[in-house]
$ cat model.txt   # compact mmCIF, C-alpha atoms and all ligand atoms
# COMPACT_ATOMS: atom_id res chain seq x y z
CA MET A 1 0.00 0.00 0.00
CA THR A 2 2.86 2.35 0.89
CA GLN A 3 4.39 1.63 -2.49
CA LEU A 4 1.08 2.48 -4.16
CA THR A 5 0.89 5.78 -2.30
CA ASP A 6 4.45 6.66 -3.36
CA GLN A 7 3.68 5.76 -6.99
CA LYS A 8 0.54 7.88 -6.86
CA THR A 9 2.43 10.90 -5.45
CA ALA A 10 5.14 10.57 -8.10
CA SER A 11 2.56 10.13 -10.88
CA LEU A 12 0.45 13.14 -9.78
CA SER A 13 3.46 15.41 -9.71
CA ALA A 14 4.60 14.16 -13.15
CA ILE A 15 1.07 14.82 -14.50
CA ALA A 16 1.13 18.32 -13.03
CA ALA A 17 4.54 18.95 -14.62
CA ALA A 18 3.57 17.65 -18.11
CA ASP A 19 3.98 20.59 -20.50
CA SER A 20 2.45 19.02 -23.62
CA LEU A 21 -0.30 16.62 -24.60
CA ASP A 22 2.38 14.12 -25.70
CA ALA A 23 4.14 14.21 -22.30
CA LEU A 24 0.77 13.76 -20.59
CA GLU A 25 0.00 10.74 -22.77
CA GLN A 26 3.29 9.17 -21.66
CA GLU A 27 2.21 9.62 -18.03
CA ARG A 28 -1.21 8.12 -18.77
CA LEU A 29 0.37 5.03 -20.34
CA ALA A 30 2.82 4.69 -17.41
CA ALA A 31 -0.07 4.68 -14.93
CA LEU A 32 -3.23 3.44 -16.65
CA GLY A 33 -1.82 1.68 -19.75
CA LYS A 34 -1.88 -2.12 -20.03
CA LYS A 35 1.50 -2.38 -18.33
CA GLY A 36 1.06 0.73 -16.16
CA TRP A 37 1.55 0.54 -12.42
CA VAL A 38 -2.20 0.95 -11.67
CA SER A 39 -3.07 -1.91 -14.03
CA LEU A 40 -0.36 -4.09 -12.48
CA ALA A 41 -1.67 -3.29 -8.99
CA LEU A 42 -5.18 -4.30 -10.09
CA LYS A 43 -3.80 -7.62 -11.36
CA THR A 44 -2.38 -8.40 -7.86
CA LEU A 45 -5.98 -8.53 -6.56
CA GLY A 46 -6.37 -12.01 -8.10
CA GLN A 47 -3.63 -13.46 -5.90
CA MET A 48 -5.05 -12.02 -2.67
CA SER A 49 -7.26 -13.72 -0.12
CA PRO A 50 -10.86 -12.49 -0.03
CA GLU A 51 -10.11 -10.70 3.22
CA GLU A 52 -7.09 -8.85 1.85
CA ARG A 53 -8.99 -8.04 -1.36
CA LYS A 54 -11.82 -6.41 0.57
CA ASP A 55 -9.48 -3.63 1.77
CA ALA A 56 -7.08 -3.47 -1.17
CA ALA A 57 -9.62 -3.29 -4.05
CA PRO A 58 -11.32 -0.02 -3.02
CA ALA A 59 -7.92 1.52 -2.23
CA ILE A 60 -6.48 0.68 -5.67
CA GLN A 61 -9.71 1.84 -7.41
CA ALA A 62 -9.54 5.14 -5.48
CA VAL A 63 -5.91 5.65 -6.62
CA ARG A 64 -6.94 4.81 -10.19
CA ALA A 65 -9.82 7.33 -10.09
CA GLU A 66 -7.57 10.04 -8.61
CA VAL A 67 -4.88 9.56 -11.27
CA ALA A 68 -7.46 9.40 -14.11
CA GLY A 69 -9.15 12.59 -12.82
CA ALA A 70 -5.81 14.42 -12.66
CA ILE A 71 -5.00 13.35 -16.24
CA ASP A 72 -8.43 14.58 -17.54
CA ALA A 73 -8.08 17.94 -15.78
CA LYS A 74 -4.54 18.42 -17.07
CA LYS A 75 -5.63 17.44 -20.60
CA ALA A 76 -8.40 20.06 -20.58
CA ALA A 77 -5.96 22.71 -19.31
CA LEU A 78 -3.33 21.85 -21.95
CA GLU A 79 -5.94 21.91 -24.76
CA ALA A 80 -7.25 25.29 -23.63
CA ALA A 81 -3.70 26.67 -23.52
CA GLU A 82 -3.01 25.28 -27.01
CA LEU A 83 -6.16 27.00 -28.38
CA GLU A 84 -5.18 30.26 -26.71
CA ALA A 85 -1.73 30.06 -28.28
CA GLN A 86 -3.23 29.32 -31.71
CA LEU A 87 -5.66 32.24 -31.46
CA ALA A 88 -2.88 34.56 -30.34
CA SER A 89 -0.67 33.54 -33.27
CA GLU A 90 -3.49 34.04 -35.78
CA THR A 91 -4.46 37.62 -34.88
CA ILE A 92 -4.18 40.25 -37.62
CA ASP A 93 -2.54 43.55 -36.86
CA LEU A 94 -4.96 45.98 -38.47
CA THR A 95 -2.56 48.84 -37.98
CA LEU A 96 -0.10 47.34 -40.49
CA PRO A 97 -0.20 48.86 -44.02
CA GLY A 98 -2.37 46.85 -46.48
CA PRO A 99 -0.66 44.67 -49.09
CA HIS A 100 0.00 46.34 -52.42
CA THR A 101 -2.74 45.08 -54.75
CA ALA A 102 -4.14 46.37 -57.99
CA GLN A 103 -6.91 48.90 -57.33
CA GLY A 104 -10.26 48.99 -59.08
CA SER A 105 -12.00 52.21 -59.95
CA ILE A 106 -15.52 53.54 -60.35
CA HIS A 107 -16.58 53.67 -64.01
CA PRO A 108 -17.31 57.22 -65.23
CA VAL A 109 -20.90 56.18 -66.10
CA SER A 110 -21.52 55.06 -62.51
CA GLN A 111 -19.91 58.23 -61.21
CA VAL A 112 -22.03 60.44 -63.49
CA MET A 113 -25.18 58.55 -62.43
CA ASP A 114 -24.34 59.34 -58.79
CA GLU A 115 -23.73 62.97 -59.74
CA LEU A 116 -27.11 63.15 -61.51
CA ALA A 117 -28.95 61.63 -58.57
CA GLU A 118 -27.28 64.07 -56.17
CA ILE A 119 -28.25 67.14 -58.21
CA PHE A 120 -31.80 66.02 -58.96
CA ALA A 121 -32.38 64.93 -55.35
CA ASP A 122 -31.62 68.53 -54.39
CA LEU A 123 -34.33 69.64 -56.84
CA GLY A 124 -36.83 67.27 -55.20
CA PHE A 125 -36.67 64.36 -57.67
CA ALA A 126 -36.89 60.73 -56.50
CA VAL A 127 -35.06 57.95 -58.37
CA ALA A 128 -37.34 55.43 -60.17
CA THR A 129 -36.39 52.22 -61.99
CA GLY A 130 -37.95 49.91 -64.56
CA PRO A 131 -37.05 46.61 -66.27
CA GLU A 132 -34.47 46.46 -69.07
CA ILE A 133 -36.42 43.57 -70.64
CA GLU A 134 -39.57 45.51 -71.44
CA ASP A 135 -42.81 44.76 -73.22
CA ASP A 136 -43.83 46.40 -76.44
CA TRP A 137 -46.75 48.22 -74.82
CA HIS A 138 -44.68 50.14 -72.24
CA ASN A 139 -41.78 50.83 -74.64
CA PHE A 140 -43.90 51.99 -77.59
CA THR A 141 -47.71 51.82 -77.53
CA ALA A 142 -48.26 53.63 -74.22
CA LEU A 143 -45.84 56.30 -75.45
CA ASN A 144 -48.17 57.03 -78.35
CA MET A 145 -46.37 54.81 -80.85
CA ASP A 146 -48.86 52.20 -81.97
CA GLU A 147 -47.74 49.27 -84.08
CA SER A 148 -47.76 51.10 -87.38
CA HIS A 149 -46.07 54.27 -86.06
CA PRO A 150 -43.03 55.19 -88.20
CA ALA A 151 -41.08 56.45 -85.13
CA ARG A 152 -40.68 52.82 -84.03
CA ALA A 153 -38.31 52.30 -86.96
CA MET A 154 -35.95 54.98 -85.60
CA HIS A 155 -35.19 52.91 -82.51
CA ASP A 156 -33.35 49.92 -84.12
CA THR A 157 -34.98 47.62 -81.57
CA PHE A 158 -33.62 44.30 -80.31
CA TYR A 159 -36.71 42.06 -80.10
CA PHE A 160 -36.77 38.70 -78.34
CA PRO A 161 -37.14 35.84 -80.84
CA ASP A 162 -40.23 34.23 -79.32
CA ALA A 163 -42.23 37.38 -79.95
CA ALA A 164 -45.96 36.84 -79.65
CA ALA A 165 -47.68 38.97 -82.26
CA GLY A 166 -49.45 42.13 -81.22
CA SER A 167 -48.92 44.52 -78.33
CA GLN A 168 -50.89 44.46 -75.14
CA ASP A 169 -50.88 46.61 -72.05
CA GLY A 170 -49.11 43.85 -70.18
CA THR A 171 -52.22 42.87 -68.25
CA THR A 172 -53.77 40.37 -70.66
CA GLY A 173 -52.71 38.15 -73.52
CA GLY A 174 -49.32 37.67 -75.19
CA THR A 175 -46.80 40.48 -74.98
CA ARG A 176 -43.93 41.06 -77.39
CA MET A 177 -40.75 41.46 -75.31
CA LEU A 178 -37.75 43.60 -76.25
CA LEU A 179 -34.69 45.28 -74.76
CA ARG A 180 -35.95 48.74 -73.87
CA THR A 181 -34.77 51.30 -76.41
CA HIS A 182 -35.07 54.27 -74.04
CA THR A 183 -35.88 54.99 -70.38
CA SER A 184 -39.24 56.56 -71.31
CA PRO A 185 -41.26 53.39 -70.39
CA VAL A 186 -40.36 54.19 -66.77
CA GLN A 187 -42.55 57.32 -67.18
CA ILE A 188 -45.55 55.06 -67.82
CA ARG A 189 -44.72 52.60 -65.04
CA SER A 190 -44.18 55.40 -62.51
CA MET A 191 -47.38 57.29 -63.41
CA LYS A 192 -49.42 54.06 -63.27
CA ALA A 193 -47.92 53.10 -59.92
CA GLN A 194 -47.87 56.51 -58.25
CA GLY A 195 -50.37 58.73 -60.02
CA ALA A 196 -49.79 62.49 -59.85
CA PRO A 197 -48.21 64.77 -58.78
CA ILE A 198 -44.90 63.10 -59.58
CA ARG A 199 -41.29 64.17 -59.88
CA ILE A 200 -38.80 61.42 -60.79
CA ILE A 201 -35.60 60.67 -62.62
CA ALA A 202 -34.93 57.19 -63.99
CA PRO A 203 -31.30 56.44 -64.91
CA GLY A 204 -30.43 53.12 -66.55
CA ARG A 205 -29.26 51.01 -69.47
CA VAL A 206 -30.96 51.08 -72.85
CA TYR A 207 -30.26 49.12 -76.06
CA ARG A 208 -30.29 49.87 -79.79
CA SER A 209 -28.66 48.20 -82.75
CA ASP A 210 -26.32 51.12 -83.40
CA SER A 211 -22.51 51.60 -83.34
CA ASP A 212 -20.03 54.42 -84.13
CA ALA A 213 -17.92 56.93 -82.15
CA THR A 214 -20.98 58.48 -80.47
CA HIS A 215 -23.37 55.49 -80.59
CA THR A 216 -23.06 52.09 -78.88
CA PRO A 217 -25.56 49.17 -78.87
CA MET A 218 -25.93 49.51 -75.09
CA PHE A 219 -25.85 52.97 -73.59
CA HIS A 220 -27.34 54.88 -70.68
CA GLN A 221 -30.09 57.42 -70.42
CA VAL A 222 -31.64 59.36 -67.61
CA GLU A 223 -35.32 60.04 -67.90
CA GLY A 224 -36.90 62.97 -66.08
CA LEU A 225 -40.61 63.38 -65.48
CA VAL A 226 -42.58 66.05 -63.67
CA VAL A 227 -46.39 65.95 -63.66
CA ASP A 228 -48.44 68.41 -61.66
CA LYS A 229 -51.04 71.14 -62.11
CA GLY A 230 -49.93 74.17 -64.16
CA ILE A 231 -46.63 72.74 -65.47
CA HIS A 232 -45.35 74.51 -68.62
CA LEU A 233 -42.33 74.63 -70.94
CA GLY A 234 -40.63 77.29 -68.76
CA HIS A 235 -40.35 74.74 -65.95
CA LEU A 236 -38.61 72.33 -68.32
CA LYS A 237 -36.13 74.96 -69.54
CA TRP A 238 -35.31 76.10 -65.98
CA THR A 239 -34.84 72.53 -64.77
CA LEU A 240 -32.47 71.58 -67.59
CA GLU A 241 -30.45 74.79 -67.26
CA THR A 242 -30.19 74.45 -63.49
CA PHE A 243 -29.16 70.82 -63.86
CA PHE A 244 -26.49 71.45 -66.51
CA LYS A 245 -24.99 74.40 -64.59
CA ALA A 246 -24.71 72.24 -61.46
CA PHE A 247 -23.43 69.24 -63.43
CA PHE A 248 -20.73 71.08 -65.42
CA GLU A 249 -20.07 73.42 -62.49
CA ARG A 250 -20.06 76.57 -64.58
CA GLU A 251 -22.48 79.41 -65.10
CA ASP A 252 -21.77 80.11 -68.77
CA ILE A 253 -23.57 76.99 -69.99
CA VAL A 254 -25.59 77.81 -73.10
CA LEU A 255 -28.39 75.44 -74.05
CA ARG A 256 -30.04 75.39 -77.46
CA LEU A 257 -33.58 74.06 -77.47
CA ARG A 258 -34.44 72.96 -81.01
CA PRO A 259 -38.00 72.20 -82.13
CA SER A 260 -38.19 68.47 -82.63
CA TYR A 261 -40.60 65.58 -82.70
CA PHE A 262 -41.23 62.75 -80.27
CA PRO A 263 -44.62 60.98 -80.38
CA PHE A 264 -44.82 61.12 -76.57
CA THR A 265 -44.24 64.87 -76.14
CA GLU A 266 -46.03 67.87 -77.64
CA PRO A 267 -44.33 70.26 -78.22
CA SER A 268 -40.97 68.47 -78.37
CA VAL A 269 -37.55 70.03 -78.08
CA GLU A 270 -34.10 68.64 -78.55
CA VAL A 271 -31.43 69.90 -76.14
CA ASP A 272 -27.98 70.84 -77.40
CA VAL A 273 -25.15 72.32 -75.35
CA GLY A 274 -22.44 74.62 -76.68
CA TYR A 275 -18.81 73.50 -76.44
CA SER A 276 -15.42 74.41 -77.82
CA ASN A 277 -12.49 72.25 -78.85
CA GLU A 278 -9.40 72.90 -76.75
CA GLY A 279 -6.62 70.72 -78.09
CA ASN A 280 -8.34 67.40 -78.62
CA ARG A 281 -10.66 67.93 -75.65
CA ARG A 282 -14.20 69.30 -75.76
CA VAL A 283 -14.93 71.96 -73.17
CA VAL A 284 -18.49 72.97 -72.38
CA GLY A 285 -19.47 76.63 -72.37
CA GLY A 286 -20.28 79.51 -74.69
CA HIS A 287 -22.48 79.78 -77.74
CA GLY A 288 -22.13 76.91 -80.14
CA ASP A 289 -22.25 79.23 -83.18
CA ASP A 290 -19.26 81.36 -82.11
CA ASP A 291 -15.90 80.81 -83.75
CA GLY A 292 -14.43 77.48 -82.77
CA HIS A 293 -17.61 76.44 -80.99
CA ASP A 294 -20.04 73.67 -81.77
CA TRP A 295 -23.20 72.07 -80.36
CA MET A 296 -23.60 68.56 -78.99
CA GLU A 297 -27.01 66.94 -78.79
CA LEU A 298 -27.54 65.67 -75.26
CA GLY A 299 -31.16 64.60 -75.25
CA GLY A 300 -34.80 65.00 -76.11
CA SER A 301 -37.56 66.59 -74.09
CA GLY A 302 -40.97 68.21 -74.23
CA MET A 303 -44.39 68.53 -72.65
CA VAL A 304 -45.90 65.09 -71.98
CA ASN A 305 -48.42 64.32 -74.73
CA ALA A 306 -52.01 64.31 -73.42
CA ARG A 307 -52.54 60.82 -74.91
CA VAL A 308 -49.62 59.49 -72.83
CA LEU A 309 -51.11 60.96 -69.64
CA GLU A 310 -54.42 59.29 -70.52
CA MET A 311 -52.78 55.94 -71.22
CA ALA A 312 -51.02 56.13 -67.86
CA GLY A 313 -54.39 56.75 -66.18
CA LEU A 314 -54.16 60.53 -65.58
CA ASP A 315 -56.64 63.24 -66.62
CA PRO A 316 -54.86 65.67 -69.03
CA ASN A 317 -57.42 68.37 -68.22
CA GLU A 318 -56.22 68.32 -64.65
CA TYR A 319 -52.52 67.54 -65.01
CA GLN A 320 -49.71 68.63 -67.31
CA GLY A 321 -46.13 67.46 -67.33
CA PHE A 322 -42.72 67.75 -68.90
CA ALA A 323 -40.24 64.97 -69.59
CA PHE A 324 -36.70 64.67 -70.82
CA GLY A 325 -34.31 61.86 -71.75
CA LEU A 326 -30.57 62.59 -71.71
CA GLY A 327 -27.72 60.40 -72.94
CA ILE A 328 -25.64 59.81 -69.80
CA ASP A 329 -22.62 58.55 -71.75
CA ARG A 330 -22.67 61.66 -73.93
CA ILE A 331 -22.73 64.06 -70.99
CA ALA A 332 -19.95 62.01 -69.32
CA MET A 333 -17.85 62.34 -72.50
CA LEU A 334 -18.37 66.07 -72.53
CA LYS A 335 -17.56 66.52 -68.86
CA TYR A 336 -14.55 64.21 -68.63
CA GLY A 337 -13.11 64.61 -72.14
CA MET A 338 -13.42 61.16 -73.77
CA ASN A 339 -13.61 61.18 -77.56
CA ASP A 340 -14.93 57.73 -78.38
CA LEU A 341 -17.98 56.26 -76.70
CA ARG A 342 -17.10 52.68 -77.69
CA ALA A 343 -14.09 52.68 -75.33
CA PHE A 344 -16.52 53.08 -72.39
CA PHE A 345 -17.49 49.44 -72.73
CA ASP A 346 -14.23 47.78 -73.86
CA GLY A 347 -13.19 47.02 -70.28
CA ASP A 348 -9.59 48.10 -71.04
CA PRO A 349 -7.84 48.49 -67.64
CA ARG A 350 -5.65 51.36 -68.98
CA TRP A 351 -8.78 53.33 -69.94
CA LEU A 352 -10.41 52.56 -66.60
CA LYS A 353 -7.27 53.60 -64.71
CA HIS A 354 -7.15 56.87 -66.64
CA TYR A 355 -10.84 57.81 -66.53
CA GLY A 356 -12.03 55.88 -63.46
CA PHE A 357 -12.78 57.39 -60.06
CA SER A 358 -11.79 56.48 -56.54
CA PRO A 359 -14.62 54.92 -54.47
CA TYR A 360 -14.01 57.77 -52.02
CA ASP A 361 -15.04 60.39 -54.60
CA GLN A 362 -18.64 60.61 -53.47
CA PRO A 363 -20.33 63.45 -55.34
CA THR A 364 -22.02 65.84 -52.94
CA LEU A 365 -23.41 69.29 -53.54
CA SER A 366 -21.47 70.67 -50.60
CA ALA A 367 -18.09 69.20 -51.59
CA GLY A 368 -18.74 69.34 -55.35
CA VAL A 369 -20.09 66.98 -57.99
CA GLY A 370 -17.28 67.83 -60.32
CA SER A 371 -14.04 66.64 -61.75
CA GLN A 372 -11.77 67.27 -58.78
CA GLY A 373 -12.21 63.64 -57.82
CA ARG A 374 -10.94 62.37 -61.16
CA ALA A 375 -8.56 59.45 -60.60
CA ALA A 376 -4.92 60.27 -61.20
CA SER A 377 -3.74 59.09 -64.60
C1 LIG A 401 -35.18 59.31 -76.75
O1 LIG A 401 -34.68 58.17 -76.48
C2 LIG A 401 -36.35 59.83 -76.00
N1 LIG A 401 -36.92 58.78 -75.19
C3 LIG A 401 -35.92 61.03 -75.16
C4 LIG A 401 -37.08 61.78 -74.61
C5 LIG A 401 -37.51 61.52 -73.32
C6 LIG A 401 -37.72 62.74 -75.37
C7 LIG A 401 -38.60 62.22 -72.79
C8 LIG A 401 -38.82 63.46 -74.85
C9 LIG A 401 -39.23 63.19 -73.56
P1 LIG A 401 -33.32 59.90 -78.49
O2 LIG A 401 -33.47 58.69 -79.33
O3 LIG A 401 -33.03 61.17 -79.20
O4 LIG A 401 -34.61 60.17 -77.59
O5 LIG A 401 -32.17 59.62 -77.42
C10 LIG A 401 -31.90 60.54 -76.38
C11 LIG A 401 -30.40 60.71 -76.19
O6 LIG A 401 -29.77 59.44 -75.97
C12 LIG A 401 -29.69 61.25 -77.40
O7 LIG A 401 -29.78 62.66 -77.44
C13 LIG A 401 -28.27 60.83 -77.16
O8 LIG A 401 -27.64 61.68 -76.20
C14 LIG A 401 -28.45 59.48 -76.50
N2 LIG A 401 -28.30 58.38 -77.47
C15 LIG A 401 -29.18 57.95 -78.42
N3 LIG A 401 -28.71 56.89 -79.09
C16 LIG A 401 -27.49 56.62 -78.53
C17 LIG A 401 -26.50 55.60 -78.74
N4 LIG A 401 -26.65 54.61 -79.62
N5 LIG A 401 -25.35 55.64 -77.98
C18 LIG A 401 -25.20 56.60 -77.06
N6 LIG A 401 -26.10 57.56 -76.78
C19 LIG A 401 -27.23 57.58 -77.51

$ encode --input "model.txt" --output "structure tokens" --more "lines below"
Ligand code: FA5
Amino acid sequence: MTQLTDQKTASLSAIAAADSLDALEQERLAALGKKGWVSLALKTLGQMSPEERKDAAPAIQAVRAEVAGAIDAKKAALEAAELEAQLASETIDLTLPGPHTAQGSIHPVSQVMDELAEIFADLGFAVATGPEIEDDWHNFTALNMDESHPARAMHDTFYFPDAAAGSQDGTTGGTRMLLRTHTSPVQIRSMKAQGAPIRIIAPGRVYRSDSDATHTPMFHQVEGLVVDKGIHLGHLKWTLETFFKAFFEREDIVLRLRPSYFPFTEPSVEVDVGYSNEGNRRVVGGHGDDDGHDWMELGGSGMVNARVLEMAGLDPNEYQGFAFGLGIDRIAMLKYGMNDLRAFFDGDPRWLKHYGFSPYDQPTLSAGVGSQGRAAS
């Protein structure tokens, strides 16, 4: 028994001193393994008389339980310490400088869309959206272009192949689907959903089968729509002038409103802005007819045609409205000096590095919506 007590004392201190799970396992085998001293002590029970066994068995079992308990407790402590050490070695020092990686940039179209939204929000306009896969009724018919209208031909439309014949209002029957050719269908969707009065802009992608230096098959427009009582052409002119002055950040913006024709506006006006060529860069400002100056067409506009108001569920005797649709890519070209629209969508990293913006260049009216944030080239 004395020997057992000595072995237990030695084993408990070795367990307490074990500094790794491997060392602890060695101690477990030495005590509780097949040939361990506890197992050997248990085997001696067989040679004892029943009397001797009565005292010795509980004593050996108690030693066994004490040693096993000490091993379990030490194992838990060593595992916890190992986890702590692992967690400590895996921490990241956030104060270290970041690794040098290639940086992305904000595309000028996205930046200009943010600039537009910021300026128009200040004028009380909400941002509306509509689907790019549109039905014939919203894209054409509701905008006063029925199936035989010649203006449809001007849009070079991408139709979906499984076109069901005829155009419906989207509520019943088959509907011919297409990629929207302009953002004007959002006028219809917004008026139907919200009624009047209404004041929205709708920026987004539009599609036409068209390609040269100032036309691409996918481009961006921003639609504007104001419907209320007593709206007239003066409101349209003021809104466009105020917008362009804020957008180009100069007061000498000269707009030319040319009589034009859109089936969904009456009267209709096309909006040109004067610019001059400085080197190979176009700079906005001044009269387009002066020496060295020219005009660039930026969009169409006009008073919302009474038939369109009716088709969108409004009473034209009560409400009037104006609408405009501007080419976002064109106004981006003019503001940031790109010459070829096709390069906007090539995905060339050199172009993006030169014309892209930092994500930190958030356009705000207070800090400026202008070009000071232009990424370094
Ligand atoms: C329209 O799309 C009318 N929905 C605009 C409108 C809205 C008029 C509301 C009246 C009321 P238009 O087809 O002219 O109009 O296009 C408007 C502008 O989009 C053009 O002035 C031009 O800046 C731009 N644009 C047109 N086609 C392309 C193209 N293929 N690539 C780039 N920009 C284009």

$ residues_near_ligand --input "model.txt" --ligand "ligand LIG 401 (chain A)" --cutoff "9 Å" --atoms "all atoms listed in the file" --output "PyMOL selection string"
chain A and resi 154-155+181-185+187+206-225+261-266+268-272+296-304+322-331+341-342

$ closest_residue --input "model.txt" --among "A:Ala80, A:Val67, A:Glu51, A:Arg350" --to "Leu29 (chain A)" --atoms "all atoms listed in the file"
A:Val67

$ residues_around --input "model.txt" --residues "Arg250 (chain A)" --least-positions-apart "3" --cutoff "12 Å" --atoms "only C-alpha atoms" --output "PyMOL selection string"
chain A and resi 241-247+253-254+283-286+335+368-371

$ closest_residue --input "model.txt" --among "A:Pro197, A:Pro267, A:Gly313, A:Pro363" --to "Met113 (chain A)" --atoms "all atoms listed in the file"
A:Pro363

$ atom_distance --input "model.txt" --atom1 "CA of His107 (chain A)" --atom2 "CA of Tyr355 (chain A)"
7.5 Å

$ closest_residue --input "model.txt" --among "A:Ile106, A:Leu96, A:Ala31, A:Ile198" --to "Lys353 (chain A)" --atoms "all atoms listed in the file"
A:Ile106

$ decode --input "model.txt" --residues "region 307-353 of chain A" --atoms "C-alpha atoms" --output "JSON list (two decimals), in the first residue's frame"
[["chain", "number", "residue", "atom", "x", "y", "z"],
["A", 307, "ARG", "CA", -52.54, 60.82, -74.91],
["A", 308, "VAL", "CA", -49.62, 59.49, -72.83],
["A", 309, "LEU", "CA", -51.11, 60.96, -69.64],
["A", 310, "GLU", "CA", -54.42, 59.29, -70.52],
["A", 311, "MET", "CA", -52.78, 55.94, -71.22],
["A", 312, "ALA", "CA", -51.02, 56.13, -67.86],
["A", 313, "GLY", "CA", -54.39, 56.75, -66.18],
["A", 314, "LEU", "CA", -54.16, 60.53, -65.58],
["A", 315, "ASP", "CA", -56.64, 63.24, -66.62],
["A", 316, "PRO", "CA", -54.86, 65.67, -69.03],
["A", 317, "ASN", "CA", -57.42, 68.37, -68.22],
["A", 318, "GLU", "CA", -56.22, 68.32, -64.65],
["A", 319, "TYR", "CA", -52.52, 67.54, -65.01],
["A", 320, "GLN", "CA", -49.71, 68.63, -67.31],
["A", 321, "GLY", "CA", -46.13, 67.46, -67.33],
["A", 322, "PHE", "CA", -42.72, 67.75, -68.90],
["A", 323, "ALA", "CA", -40.24, 64.97, -69.59],
["A", 324, "PHE", "CA", -36.70, 64.67, -70.82],
["A", 325, "GLY", "CA", -34.31, 61.86, -71.75],
["A", 326, "LEU", "CA", -30.57, 62.59, -71.71],
["A", 327, "GLY", "CA", -27.72, 60.40, -72.94],
["A", 328, "ILE", "CA", -25.64, 59.81, -69.80],
["A", 329, "ASP", "CA", -22.62, 58.55, -71.75],
["A", 330, "ARG", "CA", -22.67, 61.66, -73.93],
["A", 331, "ILE", "CA", -22.73, 64.06, -70.99],
["A", 332, "ALA", "CA", -19.95, 62.01, -69.32],
["A", 333, "MET", "CA", -17.85, 62.34, -72.50],
["A", 334, "LEU", "CA", -18.37, 66.07, -72.53],
["A", 335, "LYS", "CA", -17.56, 66.52, -68.86],
["A", 336, "TYR", "CA", -14.55, 64.21, -68.63],
["A", 337, "GLY", "CA", -13.11, 64.61, -72.14],
["A", 338, "MET", "CA", -13.42, 61.16, -73.77],
["A", 339, "ASN", "CA", -13.61, 61.18, -77.56],
["A", 340, "ASP", "CA", -14.93, 57.73, -78.38],
["A", 341, "LEU", "CA", -17.98, 56.26, -76.70],
["A", 342, "ARG", "CA", -17.10, 52.68, -77.69],
["A", 343, "ALA", "CA", -14.09, 52.68, -75.33],
["A", 344, "PHE", "CA", -16.52, 53.08, -72.39],
["A", 345, "PHE", "CA", -17.49, 49.44, -72.73],
["A", 346, "ASP", "CA", -14.23, 47.78, -73.86],
["A", 347, "GLY", "CA", -13.19, 47.02, -70.28],
["A", 348, "ASP", "CA", -9.59, 48.10, -71.04],
["A", 349, "PRO", "CA", -7.84, 48.49, -67.64],
["A", 350, "ARG", "CA", -5.65, 51.36, -68.98],
["A", 351, "TRP", "CA", -8.78, 53.33, -69.94],
["A", 352, "LEU", "CA", -10.41, 52.56, -66.60],
["A", 353, "LYS", "CA", -7.27, 53.60, -64.71]]
